[in-house]
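S.K.: Sharing a structure with you now.
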2 protein chains.
Amino acid sequence: MNREQLYANILRKQSFLCVGLDTDVRKLPQCLVERQEKEEGFDAIFEFNKAIIDATAEYCIAYKPNLAFYEAQGVKGWMAFERTVKYIRESYPDQFIIADAKRGDIGNTSKLYARTFFEEMDVDAVTVAPYMGEDSVTPFLGYEGKWVILLALTSNKGSMDFQRSPLLTTPKGEKPNADGGQMELTGERLFERVIKRSQEWTRDSSPSGEAGRGLDALMYVVGATQGRTFEDIRKIAPDHFLLVPGIGAQGGSLEEVCRYGMNSQCGLIVNSSRAIIYADSTERFAEVAGEKAREVQQHMAALL
Amino acid sequence: MNREQLYANILRKQSFLCVGLDTDVRKLPQCLVERQEKEEGFDAIFEFNKAIIDATAEYCIAYKPNLAFYEAQGVKGWMAFERTVKYIRESYPDQFIIADAKRGDIGNTSKLYARTFFEEMDVDAVTVAPYMGEDSVTPFLGYEGKWVILLALTSNKGSMDFQRSPLLTTPKGEKPNADGGQMELTGERLFERVIKRSQEWTRDSSPSGEAGRGLDALMYVVGATQGRTFEDIRKIAPDHFLLVPGIGAQGGSLEEVCRYGMNSQCGLIVNSSRAIIYADSTERFAEVAGEKAREVQQHMAALL
């Protein structure tokens, strides 16, 4: 899916909601757990997802299964993950599917991950961690219509530990002299450098293949809890889509995210997981999830 | 496994070799591929690992399956991974098992990963990416006898992009003033801050539970290609074990790693993957892998 298609979906549905399928086996409604115990071959994780998807697809433009929740169930979880992706792909082909995997490894290994997610699973996007640098990210960038969503400034408390650290610049990336003589004081923070430098890793589609900004290949994760920092991010990535987790359970505000982060083509995919999928734990769980998703969608329609 | 046991194994075997089980389905010996085609239920990935393990166990103290290679095979790969871990655990209980997963997510999700790897899989250690900070790492630190191996300075070219970036320090982690007035020029690089700060995240085992250095809970990944930077790392982590990938195919030198990185209790686990497991692709693949592992072990014995 390219940027224009994504934006067209947002306009048509008046929504930029992503539903996070963080399906925790310990939080499944009792009714599904009981069926799984009775019926052989009944996969409660997949059936939960399917019901949630059917109830929310009208109100969202993306789904984001977080791999951790599936891997926690081992082989069974992987099967549920694969079935979920296949179900979305076949039943709701206009949905954007994000594998929230936060991968990042040396080049050869990242190539394998890219192949797994983009060829085997056929998801639209994978979240990738930037710590290991260019060759850990670029293998994900070679797929037409597929996206890397790079961790930039996350929604958790630990985002203060390294992501916001201000950097020195050195002419050749050398270690600075003890007196700092060679240094420039830029105050650029790590997440800003990640955003700037990663834009150099993409190639535009012109015959010369010059470095481009990757508007059709690259998004950034920016947590909803980051408030006005969205303004700083828009200075260096005015046109990129941002994937925004952290509204709802983590305390981020949708209005604030839109006020500081929205651009002329929306430029936001806002994720909500727990507040939607666990809104109710009775047999009405899917229905209530649909209602919650609809509430967020209407809020978003007003903000668009 | 604690640090003393690990060191005892190193002394007894005169080896600090970790064999990387980066089992790529496209590189399997033809003989295994053919058997898989003929025999129902024959799992070529697991059988490859089993043969490699049987041939090398005498010469190494650890195994490191890289999850990417297993995930690339979907459900089948996960089954092979689980069987491999179980096989090592049961047949060679003194081996240290590292799940090379490079995970790192918000607290709740990291908790799930920790549970998966330490409770379900029962591996000894997991590699973790530091970008998301404290709450993405600490959930892995609560397991007695289990280890976090934090990415610090990796072996790939992209380690230059962010890990070696020199940082400014600010009194309260604030953004610096434009004139840099509040700043101190420390020249501390990102990987150094990762190593220093992560030592504050562990608690010692005294009743007061004060911040400790995590010598029995925390190791660091430092690529064999990083040469004399090992000296800088030993200044801030003199006693920690380092997991060192990158000798062999990636070009790192074992002598150099030992010269600059070894401490009084060895303090090194040096990984080799391709150079051992793919040394031969005929029916003799396991035998040759054993010979290669033995060569490395003898080299290590001389360096100990």
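Residues are referred to by chain and number: the chain letter is A, B, ... according to the order shown in the structure tokens, the number counts from 1 in that chain, and ligands are numbered separately from 1 in the order shown.
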Counting only C-alpha atoms, which residues in chain A sit no more than 6 Å from chain B? For each one, give the nearest pair of atoms and the distance in Å, sorted by chain then residue number, as a Markdown table.
M.R.:
| residue | atom | partner | partner_atom | distance |
| --- | --- | --- | --- | --- |
| A:Ala68 | CA | B:Tyr113 | CA | 5.9 |
| A:Ala72 | CA | B:Thr116 | CA | 4.7 |
| A:Val75 | CA | B:Val75 | CA | 5.6 |
| A:Trp78 | CA | B:Val75 | CA | 5.8 |
| A:Ile106 | CA | B:Asn156 | CA | 5.9 |
| A:Tyr113 | CA | B:Ala68 | CA | 5.9 |
| A:Thr116 | CA | B:Ala72 | CA | 4.7 |
| A:Met132 | CA | B:Ser159 | CA | 5.4 |
| A:Gly133 | CA | B:Gly158 | CA | 4.0 |
| A:Glu134 | CA | B:Gly158 | CA | 5.0 |
| A:Asp135 | CA | B:Gly158 | CA | 5.5 |
| A:Asn156 | CA | B:Ile106 | CA | 6.0 |
| A:Gly158 | CA | B:Gly133 | CA | 4.0 |
| A:Ser159 | CA | B:Met132 | CA | 5.4 |
| A:Asp161 | CA | B:Gly133 | CA | 5.2 |
| A:Pro166 | CA | B:Leu168 | CA | 5.5 |
| A:Leu167 | CA | B:Leu167 | CA | 4.2 |
| A:Leu168 | CA | B:Leu167 | CA | 5.4 |
| A:Pro176 | CA | B:Gly187 | CA | 5.7 |
| A:Gly187 | CA | B:Pro176 | CA | 5.7 |
S.K.: Using the chain letters and numbers from this document, which residues of stretch 33-67 of chain B does DSSP assign to alpha helix (DSSP H), as a list in words?
M.R.: Val33, Glu34, Arg35, Gln36, Glu37, Lys38, Ala44, Ile45, Phe46, Glu47, Phe48, Asn49, Lys50, Ala51, Ile52, Ile53, Asp54, Ala55, Thr56 and Leu67 of chain B
S.K.: Using the selection just defined, write its residues with C-alpha atoms as an mmCIF file, in the first residue's frame.
M.R.:
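Once everything was written out, this is selection32.cif:
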data_model
loop_
_atom_site.group_PDB
_atom_site.id
_atom_site.type_symbol
_atom_site.label_atom_id
_atom_site.label_comp_id
_atom_site.auth_asym_id
_atom_site.auth_seq_id
_atom_site.Cartn_x
_atom_site.Cartn_y
_atom_site.Cartn_z
ATOM 1 C CA VAL B 33 16.955 -31.927 2.517
ATOM 2 C CA GLU B 34 16.477 -35.220 0.705
ATOM 3 C CA ARG B 35 15.569 -37.087 3.860
ATOM 4 C CA GLN B 36 13.012 -34.432 4.723
ATOM 5 C CA GLU B 37 11.414 -34.855 1.319
ATOM 6 C CA LYS B 38 11.198 -38.625 1.729
ATOM 7 C CA ALA B 44 15.782 -31.049 8.666
ATOM 8 C CA ILE B 45 16.404 -27.860 10.691
ATOM 9 C CA PHE B 46 16.257 -29.663 14.024
ATOM 10 C CA GLU B 47 18.240 -32.651 12.753
ATOM 11 C CA PHE B 48 20.926 -30.317 11.429
ATOM 12 C CA ASN B 49 21.150 -28.605 14.821
ATOM 13 C CA LYS B 50 21.189 -31.888 16.694
ATOM 14 C CA ALA B 51 24.077 -33.223 14.602
ATOM 15 C CA ILE B 52 26.014 -29.955 14.972
ATOM 16 C CA ILE B 53 25.425 -29.913 18.734
ATOM 17 C CA ASP B 54 26.526 -33.520 19.191
ATOM 18 C CA ALA B 55 29.688 -32.809 17.218
ATOM 19 C CA THR B 56 30.616 -29.539 18.939
ATOM 20 C CA LEU B 67 15.597 -16.383 16.333
#
S.K.: Mind giving me the straight-line distance from atom CA of B:Gly223 to atom CA of B:Gly252 in Å, one decimal?
M.R.: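 These two atoms are separated by 7.8 Å.
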S.K.: Just list the residues in stretch 80-136 of chain B DSSP gives strand (DSSP E) on the backbone, as a PyMOL selection string.
M.R.: chain B and resi 96-103+125-128
S.K.: Now that the selection is made, can you save its residues with N, CA, C and O atoms as a PDB file, in the first residue's frame?
M.R.:
ATOM      1  N   PHE B  96      25.290 -23.240  28.174  1.00  0.00           N
ATOM      2  CA  PHE B  96      24.602 -21.965  28.393  1.00  0.00           C
ATOM      3  C   PHE B  96      23.841 -21.646  27.099  1.00  0.00           C
ATOM      4  O   PHE B  96      24.444 -21.581  26.028  1.00  0.00           O
ATOM      5  N   ILE B  97      22.535 -21.468  27.200  1.00  0.00           N
ATOM      6  CA  ILE B  97      21.732 -21.275  25.981  1.00  0.00           C
ATOM      7  C   ILE B  97      21.284 -19.822  25.856  1.00  0.00           C
ATOM      8  O   ILE B  97      20.611 -19.294  26.742  1.00  0.00           O
ATOM      9  N   ILE B  98      21.678 -19.199  24.756  1.00  0.00           N
ATOM     10  CA  ILE B  98      21.358 -17.787  24.513  1.00  0.00           C
ATOM     11  C   ILE B  98      20.340 -17.687  23.380  1.00  0.00           C
ATOM     12  O   ILE B  98      20.614 -18.109  22.259  1.00  0.00           O
ATOM     13  N   ALA B  99      19.177 -17.143  23.669  1.00  0.00           N
ATOM     14  CA  ALA B  99      18.216 -16.849  22.609  1.00  0.00           C
ATOM     15  C   ALA B  99      18.582 -15.486  22.032  1.00  0.00           C
ATOM     16  O   ALA B  99      18.418 -14.458  22.695  1.00  0.00           O
ATOM     17  N   ASP B 100      19.126 -15.495  20.820  1.00  0.00           N
ATOM     18  CA  ASP B 100      19.535 -14.227  20.211  1.00  0.00           C
ATOM     19  C   ASP B 100      18.313 -13.611  19.546  1.00  0.00           C
ATOM     20  O   ASP B 100      17.980 -13.905  18.399  1.00  0.00           O
ATOM     21  N   ALA B 101      17.620 -12.794  20.317  1.00  0.00           N
ATOM     22  CA  ALA B 101      16.299 -12.311  19.908  1.00  0.00           C
ATOM     23  C   ALA B 101      16.289 -10.805  19.681  1.00  0.00           C
ATOM     24  O   ALA B 101      15.464 -10.293  18.951  1.00  0.00           O
ATOM     25  N   LYS B 102      17.223 -10.099  20.336  1.00  0.00           N
ATOM     26  CA  LYS B 102      17.329  -8.633  20.227  1.00  0.00           C
ATOM     27  C   LYS B 102      15.977  -7.963  20.449  1.00  0.00           C
ATOM     28  O   LYS B 102      15.605  -7.053  19.727  1.00  0.00           O
ATOM     29  N   ARG B 103      15.265  -8.404  21.477  1.00  0.00           N
ATOM     30  CA  ARG B 103      13.974  -7.829  21.782  1.00  0.00           C
ATOM     31  C   ARG B 103      14.114  -6.544  22.588  1.00  0.00           C
ATOM     32  O   ARG B 103      15.216  -6.215  23.073  1.00  0.00           O
ATOM     33  N   ALA B 125      19.731 -17.017  28.656  1.00  0.00           N
ATOM     34  CA  ALA B 125      19.967 -15.596  28.386  1.00  0.00           C
ATOM     35  C   ALA B 125      19.221 -15.177  27.129  1.00  0.00           C
ATOM     36  O   ALA B 125      18.961 -15.998  26.240  1.00  0.00           O
ATOM     37  N   VAL B 126      18.887 -13.889  27.081  1.00  0.00           N
ATOM     38  CA  VAL B 126      18.238 -13.307  25.905  1.00  0.00           C
ATOM     39  C   VAL B 126      18.986 -12.042  25.534  1.00  0.00           C
ATOM     40  O   VAL B 126      19.337 -11.248  26.426  1.00  0.00           O
ATOM     41  N   THR B 127      19.246 -11.841  24.254  1.00  0.00           N
ATOM     42  CA  THR B 127      19.815 -10.561  23.837  1.00  0.00           C
ATOM     43  C   THR B 127      18.685  -9.529  23.748  1.00  0.00           C
ATOM     44  O   THR B 127      17.591  -9.823  23.284  1.00  0.00           O
ATOM     45  N   VAL B 128      18.975  -8.326  24.252  1.00  0.00           N
ATOM     46  CA  VAL B 128      17.963  -7.277  24.357  1.00  0.00           C
ATOM     47  C   VAL B 128      18.534  -5.978  23.779  1.00  0.00           C
ATOM     48  O   VAL B 128      19.711  -5.672  23.974  1.00  0.00           O
TER      49      VAL B 128
END
S.K.: Do you have the atom CA of A:Met219-atom CA of A:Glu231 distance handy?
M.R.: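 These atoms are spaced 16.1 Å apart.
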S.K.: Between stretch 231-285 of chain A and stretch 212-216 of chain A, at 9 Å or less, what are the per-residue closest atom pairs and their distances in Å? Count only C-alpha atoms, order by chain and rising residue number, and return it as CSV.
M.R.:
residue,atom,partner,partner_atom,distance
A:Ala237,CA,A:Arg213,CA,8.7
A:Asp239,CA,A:Leu215,CA,7.1
A:His240,CA,A:Leu215,CA,5.6
A:Phe241,CA,A:Leu215,CA,7.8
S.K.: Smallest atom-to-atom distance to A:Gln298: which of A:Val221, A:Leu17, A:Ala275, A:Val148, using only C-alpha atoms?
M.R.: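 Among the listed residues, the smallest separation from A:Gln298 belongs to A:Leu17.
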S.K.: For B:Lys13, work out the shell of residues within 9 Å, counting only C-alpha atoms and skipping chain neighbours fewer than 5 positions away, then give it as an mmCIF file with N, CA, C and O atoms, in the first residue's frame.
M.R.:
data_model
loop_
_atom_site.group_PDB
_atom_site.id
_atom_site.type_symbol
_atom_site.label_atom_id
_atom_site.label_comp_id
_atom_site.auth_asym_id
_atom_site.auth_seq_id
_atom_site.Cartn_x
_atom_site.Cartn_y
_atom_site.Cartn_z
ATOM 1 N N ALA B 8 33.587 -21.751 35.671
ATOM 2 C CA ALA B 8 34.056 -23.120 35.921
ATOM 3 C C ALA B 8 33.991 -23.953 34.639
ATOM 4 O O ALA B 8 34.909 -24.724 34.328
ATOM 5 N N GLU B 58 31.532 -30.784 23.028
ATOM 6 C CA GLU B 58 32.749 -30.983 23.793
ATOM 7 C C GLU B 58 33.647 -29.732 23.767
ATOM 8 O O GLU B 58 34.443 -29.515 24.678
ATOM 9 N N TYR B 59 33.506 -28.938 22.722
ATOM 10 C CA TYR B 59 34.451 -27.831 22.501
ATOM 11 C C TYR B 59 33.895 -26.442 22.806
ATOM 12 O O TYR B 59 34.596 -25.454 22.647
ATOM 13 N N CYS B 60 32.639 -26.382 23.179
ATOM 14 C CA CYS B 60 32.049 -25.055 23.426
ATOM 15 C C CYS B 60 31.333 -25.055 24.769
ATOM 16 O O CYS B 60 31.079 -26.101 25.360
ATOM 17 N N ILE B 61 31.025 -23.851 25.243
ATOM 18 C CA ILE B 61 30.330 -23.723 26.528
ATOM 19 C C ILE B 61 28.945 -23.096 26.356
ATOM 20 O O ILE B 61 28.209 -22.935 27.325
ATOM 21 N N GLN B 297 38.632 -24.067 19.830
ATOM 22 C CA GLN B 297 38.821 -24.374 21.256
ATOM 23 C C GLN B 297 40.311 -24.429 21.604
ATOM 24 O O GLN B 297 40.743 -23.907 22.634
ATOM 25 N N ALA B 301 42.257 -22.241 24.249
ATOM 26 C CA ALA B 301 43.010 -22.822 25.376
ATOM 27 C C ALA B 301 44.367 -22.134 25.491
ATOM 28 O O ALA B 301 44.841 -21.830 26.598
#
S.K.: Using only C-alpha atoms, can you tell me which of A:Thr229, A:Ser264, A:Gln95, A:Thr84 comes closest to A:Leu21?
M.R.: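 The closest residue to A:Leu21 is A:Thr84.
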S.K.: Just how far from atom CA of A:Leu150 is atom CA of A:Tyr220, in Å to one decimal?
M.R.: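 Separating atom CA of A:Tyr220 from atom CA of A:Leu150 is a distance of 4.8 Å.
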S.K.: Nearest to B:Phe285: which of B:His299, B:Lys27, B:Arg3, B:Arg12 is it, counting only C-alpha atoms?
M.R.: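 For B:Phe285, the nearest of the candidates is B:Lys27.
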